[in-house]
$ cat work_7.pdb   # PDB, C-alpha atoms
ATOM      1  CA  SER A  10       7.355  10.025  12.824  1.00  0.00           C
ATOM      2  CA  LEU A  11       3.847   8.667  12.523  1.00  0.00           C
ATOM      3  CA  HIS A  12       1.614   9.756   9.689  1.00  0.00           C
ATOM      4  CA  GLU A  13      -1.520  11.807  10.317  1.00  0.00           C
ATOM      5  CA  VAL A  14      -4.383  11.979   7.833  1.00  0.00           C
ATOM      6  CA  THR A  15      -7.327  14.367   7.957  1.00  0.00           C
ATOM      7  CA  VAL A  16     -10.601  12.720   7.004  1.00  0.00           C
ATOM      8  CA  THR A  17     -13.929  14.417   6.384  1.00  0.00           C
ATOM      9  CA  LYS A  18     -17.015  12.233   6.140  1.00  0.00           C
ATOM     10  CA  ARG A  19     -19.342  15.018   5.010  1.00  0.00           C
ATOM     11  CA  PRO A  20     -18.468  18.293   3.262  1.00  0.00           C
ATOM     12  CA  THR A  21     -19.859  20.267   6.210  1.00  0.00           C
ATOM     13  CA  ALA A  22     -18.345  18.029   8.871  1.00  0.00           C
ATOM     14  CA  LYS A  23     -15.511  19.201  11.075  1.00  0.00           C
ATOM     15  CA  LYS A  24     -12.174  17.776   9.945  1.00  0.00           C
ATOM     16  CA  SER A  25     -10.480  15.567  12.465  1.00  0.00           C
ATOM     17  CA  PRO A  26      -7.061  13.940  12.073  1.00  0.00           C
ATOM     18  CA  ILE A  27      -6.624  10.190  12.290  1.00  0.00           C
ATOM     19  CA  ARG A  28      -3.290   8.858  13.472  1.00  0.00           C
ATOM     20  CA  ILE A  29      -1.971   5.986  11.411  1.00  0.00           C
ATOM     21  CA  PRO A  30       0.694   4.010  13.285  1.00  0.00           C
ATOM     22  CA  PHE A  31       3.154   3.917  10.385  1.00  0.00           C
ATOM     23  CA  THR A  32       5.821   6.267   9.080  1.00  0.00           C
ATOM     24  CA  THR A  33       5.024   8.801   6.392  1.00  0.00           C
ATOM     25  CA  GLN A  34       7.345   6.935   4.014  1.00  0.00           C
ATOM     26  CA  THR A  35       5.423   3.675   4.510  1.00  0.00           C
ATOM     27  CA  VAL A  36       2.020   5.308   4.090  1.00  0.00           C
ATOM     28  CA  LYS A  37       3.216   7.076   0.926  1.00  0.00           C
ATOM     29  CA  LYS A  38       4.355   3.721  -0.489  1.00  0.00           C
ATOM     30  CA  VAL A  39       0.894   2.199   0.132  1.00  0.00           C
ATOM     31  CA  VAL A  40      -0.801   5.272  -1.369  1.00  0.00           C
ATOM     32  CA  ALA A  41       1.444   5.012  -4.452  1.00  0.00           C
ATOM     33  CA  TYR A  42       0.291   1.407  -4.881  1.00  0.00           C
ATOM     34  CA  CYS A  43      -3.363   2.439  -4.562  1.00  0.00           C
ATOM     35  CA  ASN A  44      -2.879   5.268  -7.068  1.00  0.00           C
ATOM     36  CA  TYR A  45      -1.341   2.803  -9.529  1.00  0.00           C
ATOM     37  CA  LEU A  46      -4.386   0.528  -9.108  1.00  0.00           C
ATOM     38  CA  LYS A  47      -6.702   3.341 -10.185  1.00  0.00           C
ATOM     39  CA  HIS A  48      -5.520   2.807 -13.774  1.00  0.00           C
ATOM     40  CA  ASN A  49      -4.136  -0.734 -13.755  1.00  0.00           C
ATOM     41  CA  MET A  50      -5.299  -4.221 -12.942  1.00  0.00           C
ATOM     42  CA  PRO A  51      -4.198  -5.623  -9.592  1.00  0.00           C
ATOM     43  CA  PRO A  52      -1.555  -8.328  -9.721  1.00  0.00           C
ATOM     44  CA  VAL A  53      -2.684 -11.928 -10.082  1.00  0.00           C
ATOM     45  CA  ILE A  54      -0.399 -14.026  -7.917  1.00  0.00           C
ATOM     46  CA  GLN A  55      -0.389 -17.795  -7.862  1.00  0.00           C
ATOM     47  CA  SER A  56       1.772 -19.876  -5.542  1.00  0.00           C
ATOM     48  CA  ASN A  57       4.035 -16.976  -4.507  1.00  0.00           C
ATOM     49  CA  ASP A  58       5.348 -16.868  -8.090  1.00  0.00           C
ATOM     50  CA  LEU A  59       6.058 -13.296  -9.116  1.00  0.00           C
ATOM     51  CA  THR A  60       7.640 -14.185 -12.469  1.00  0.00           C
ATOM     52  CA  LYS A  61       4.330 -13.721 -14.313  1.00  0.00           C
ATOM     53  CA  VAL A  62       3.412 -10.518 -12.474  1.00  0.00           C
ATOM     54  CA  GLU A  63       3.801  -7.184 -14.266  1.00  0.00           C
ATOM     55  CA  GLN A  64       7.271  -5.662 -13.822  1.00  0.00           C
ATOM     56  CA  TRP A  65       5.911  -2.605 -11.976  1.00  0.00           C
ATOM     57  CA  TYR A  66       4.686  -4.839  -9.126  1.00  0.00           C
ATOM     58  CA  ARG A  67       7.974  -6.773  -8.958  1.00  0.00           C
ATOM     59  CA  ASP A  68       9.882  -3.507  -8.767  1.00  0.00           C
ATOM     60  CA  PHE A  69       7.461  -2.194  -6.140  1.00  0.00           C
ATOM     61  CA  VAL A  70       8.318  -4.993  -3.703  1.00  0.00           C
ATOM     62  CA  ASP A  71      12.030  -4.997  -4.516  1.00  0.00           C
ATOM     63  CA  ILE A  72      12.764  -3.336  -1.163  1.00  0.00           C
ATOM     64  CA  SER A  73      14.437  -4.301   2.093  1.00  0.00           C
ATOM     65  CA  GLU A  74      12.844  -6.964   4.301  1.00  0.00           C
ATOM     66  CA  LYS A  75      12.127  -4.315   6.968  1.00  0.00           C
ATOM     67  CA  GLU A  76      10.413  -1.974   4.515  1.00  0.00           C
ATOM     68  CA  LEU A  77       8.495  -4.891   2.998  1.00  0.00           C
ATOM     69  CA  ALA A  78       7.230  -5.926   6.447  1.00  0.00           C
ATOM     70  CA  ASP A  79       6.211  -2.334   7.215  1.00  0.00           C
ATOM     71  CA  VAL A  80       4.389  -1.952   3.886  1.00  0.00           C
ATOM     72  CA  LYS A  81       2.614  -5.287   4.390  1.00  0.00           C
ATOM     73  CA  ALA A  82       1.503  -4.301   7.906  1.00  0.00           C
ATOM     74  CA  CYS A  83       0.332  -0.885   6.731  1.00  0.00           C
ATOM     75  CA  ALA A  84      -1.550  -2.428   3.795  1.00  0.00           C
ATOM     76  CA  ALA A  85      -3.285  -4.814   6.196  1.00  0.00           C
ATOM     77  CA  TYR A  86      -4.143  -1.937   8.543  1.00  0.00           C
ATOM     78  CA  LEU A  87      -5.564   0.114   5.655  1.00  0.00           C
ATOM     79  CA  LYS A  88      -7.317  -2.926   4.157  1.00  0.00           C
ATOM     80  CA  VAL A  89      -5.460  -3.192   0.836  1.00  0.00           C
ATOM     81  CA  PRO A  90      -5.574  -6.995   0.400  1.00  0.00           C
ATOM     82  CA  THR A  91      -3.890  -7.187  -3.008  1.00  0.00           C
ATOM     83  CA  LEU A  92      -0.862  -5.370  -1.594  1.00  0.00           C
ATOM     84  CA  VAL A  93      -0.760  -7.686   1.426  1.00  0.00           C
ATOM     85  CA  THR A  94      -0.745 -10.660  -0.963  1.00  0.00           C
ATOM     86  CA  LEU A  95       1.933  -9.084  -3.157  1.00  0.00           C
ATOM     87  CA  CYS A  96       4.178  -8.449  -0.133  1.00  0.00           C
ATOM     88  CA  ALA A  97       3.603 -11.972   1.173  1.00  0.00           C
ATOM     89  CA  ALA A  98       4.542 -13.464  -2.199  1.00  0.00           C
ATOM     90  CA  LYS A  99       7.902 -11.685  -2.160  1.00  0.00           C
TER      91      LYS A  99
END
$ encode --input "work_7.pdb" --output "structure tokens"
Amino acid sequence: SLHEVTVTKRPTAKKSPIRIPFTTQTVKKVVAYCNYLKHNMPPVIQSNDLTKVEQWYRDFVDISEKELADVKACAAYLKVPTLVTLCAAK
């Protein structure tokens, strides 16, 4: 099923759902990445070499090719460029 998010621009504004064309599982994966970035530096990736990237990021993209493609597409849709780069480097 597709994921639906309710966004409010102003505290007094009427809430209206936004449909995101990705599964709940994929959106949750992207949100988990963003939550991790709140307290950690984004990965620095050079030449698609993940050997020098923190283990958490390597584990994060240690998923099936299908899931990786979905996460990359969702990250692009939600404008999370460091995640797009991380997925592309895998």
$ residues_around --input "work_7.pdb" --residues "region 38-40 of chain A" --least-positions-apart "3" --cutoff "12 Å" --atoms "only C-alpha atoms" --output "PDB file with C-alpha atoms, in the coordinates of the input"
ATOM      1  CA  VAL A  14      -4.383  11.979   7.833  1.00  0.00           C
ATOM      2  CA  PHE A  31       3.154   3.917  10.385  1.00  0.00           C
ATOM      3  CA  THR A  32       5.821   6.267   9.080  1.00  0.00           C
ATOM      4  CA  THR A  33       5.024   8.801   6.392  1.00  0.00           C
ATOM      5  CA  GLN A  34       7.345   6.935   4.014  1.00  0.00           C
ATOM      6  CA  THR A  35       5.423   3.675   4.510  1.00  0.00           C
ATOM      7  CA  CYS A  43      -3.363   2.439  -4.562  1.00  0.00           C
ATOM      8  CA  ASN A  44      -2.879   5.268  -7.068  1.00  0.00           C
ATOM      9  CA  TYR A  45      -1.341   2.803  -9.529  1.00  0.00           C
ATOM     10  CA  LEU A  46      -4.386   0.528  -9.108  1.00  0.00           C
ATOM     11  CA  LYS A  47      -6.702   3.341 -10.185  1.00  0.00           C
ATOM     12  CA  PHE A  69       7.461  -2.194  -6.140  1.00  0.00           C
ATOM     13  CA  VAL A  70       8.318  -4.993  -3.703  1.00  0.00           C
ATOM     14  CA  ILE A  72      12.764  -3.336  -1.163  1.00  0.00           C
ATOM     15  CA  GLU A  76      10.413  -1.974   4.515  1.00  0.00           C
ATOM     16  CA  LEU A  77       8.495  -4.891   2.998  1.00  0.00           C
ATOM     17  CA  ASP A  79       6.211  -2.334   7.215  1.00  0.00           C
ATOM     18  CA  VAL A  80       4.389  -1.952   3.886  1.00  0.00           C
ATOM     19  CA  LYS A  81       2.614  -5.287   4.390  1.00  0.00           C
ATOM     20  CA  ALA A  82       1.503  -4.301   7.906  1.00  0.00           C
ATOM     21  CA  CYS A  83       0.332  -0.885   6.731  1.00  0.00           C
ATOM     22  CA  ALA A  84      -1.550  -2.428   3.795  1.00  0.00           C
ATOM     23  CA  ALA A  85      -3.285  -4.814   6.196  1.00  0.00           C
ATOM     24  CA  TYR A  86      -4.143  -1.937   8.543  1.00  0.00           C
ATOM     25  CA  LEU A  87      -5.564   0.114   5.655  1.00  0.00           C
ATOM     26  CA  LYS A  88      -7.317  -2.926   4.157  1.00  0.00           C
ATOM     27  CA  VAL A  89      -5.460  -3.192   0.836  1.00  0.00           C
ATOM     28  CA  PRO A  90      -5.574  -6.995   0.400  1.00  0.00           C
ATOM     29  CA  THR A  91      -3.890  -7.187  -3.008  1.00  0.00           C
ATOM     30  CA  LEU A  92      -0.862  -5.370  -1.594  1.00  0.00           C
ATOM     31  CA  VAL A  93      -0.760  -7.686   1.426  1.00  0.00           C
ATOM     32  CA  LEU A  95       1.933  -9.084  -3.157  1.00  0.00           C
ATOM     33  CA  CYS A  96       4.178  -8.449  -0.133  1.00  0.00           C
TER      34      CYS A  96
END
$ closest_residue --input "work_7.pdb" --among "A:Asp68, A:Thr94, A:Lys37, A:Pro26" --to "Pro52 (chain A)" --atoms "only C-alpha atoms"
A:Thr94
$ closest_residue --input "work_7.pdb" --among "A:Pro30, A:Tyr42, A:Ala78, A:Met50" --to "Val62 (chain A)" --atoms "only C-alpha atoms"
A:Met50
$ atom_distance --input "work_7.pdb" --atom1 "CA of Trp65 (chain A)" --atom2 "CA of Asn49 (chain A)"
10.4 Å
$ closest_residue --input "work_7.pdb" --among "A:Ile27, A:Ala98, A:Ala41, A:Val36" --to "Arg67 (chain A)" --atoms "only C-alpha atoms"
A:Ala98
$ atom_distance --input "work_7.pdb" --atom1 "CA of Ala97 (chain A)" --atom2 "CA of Thr60 (chain A)"
14.4 Å
$ atom_distance --input "work_7.pdb" --atom1 "CA of Asp71 (chain A)" --atom2 "CA of Ser56 (chain A)"
18.1 Å
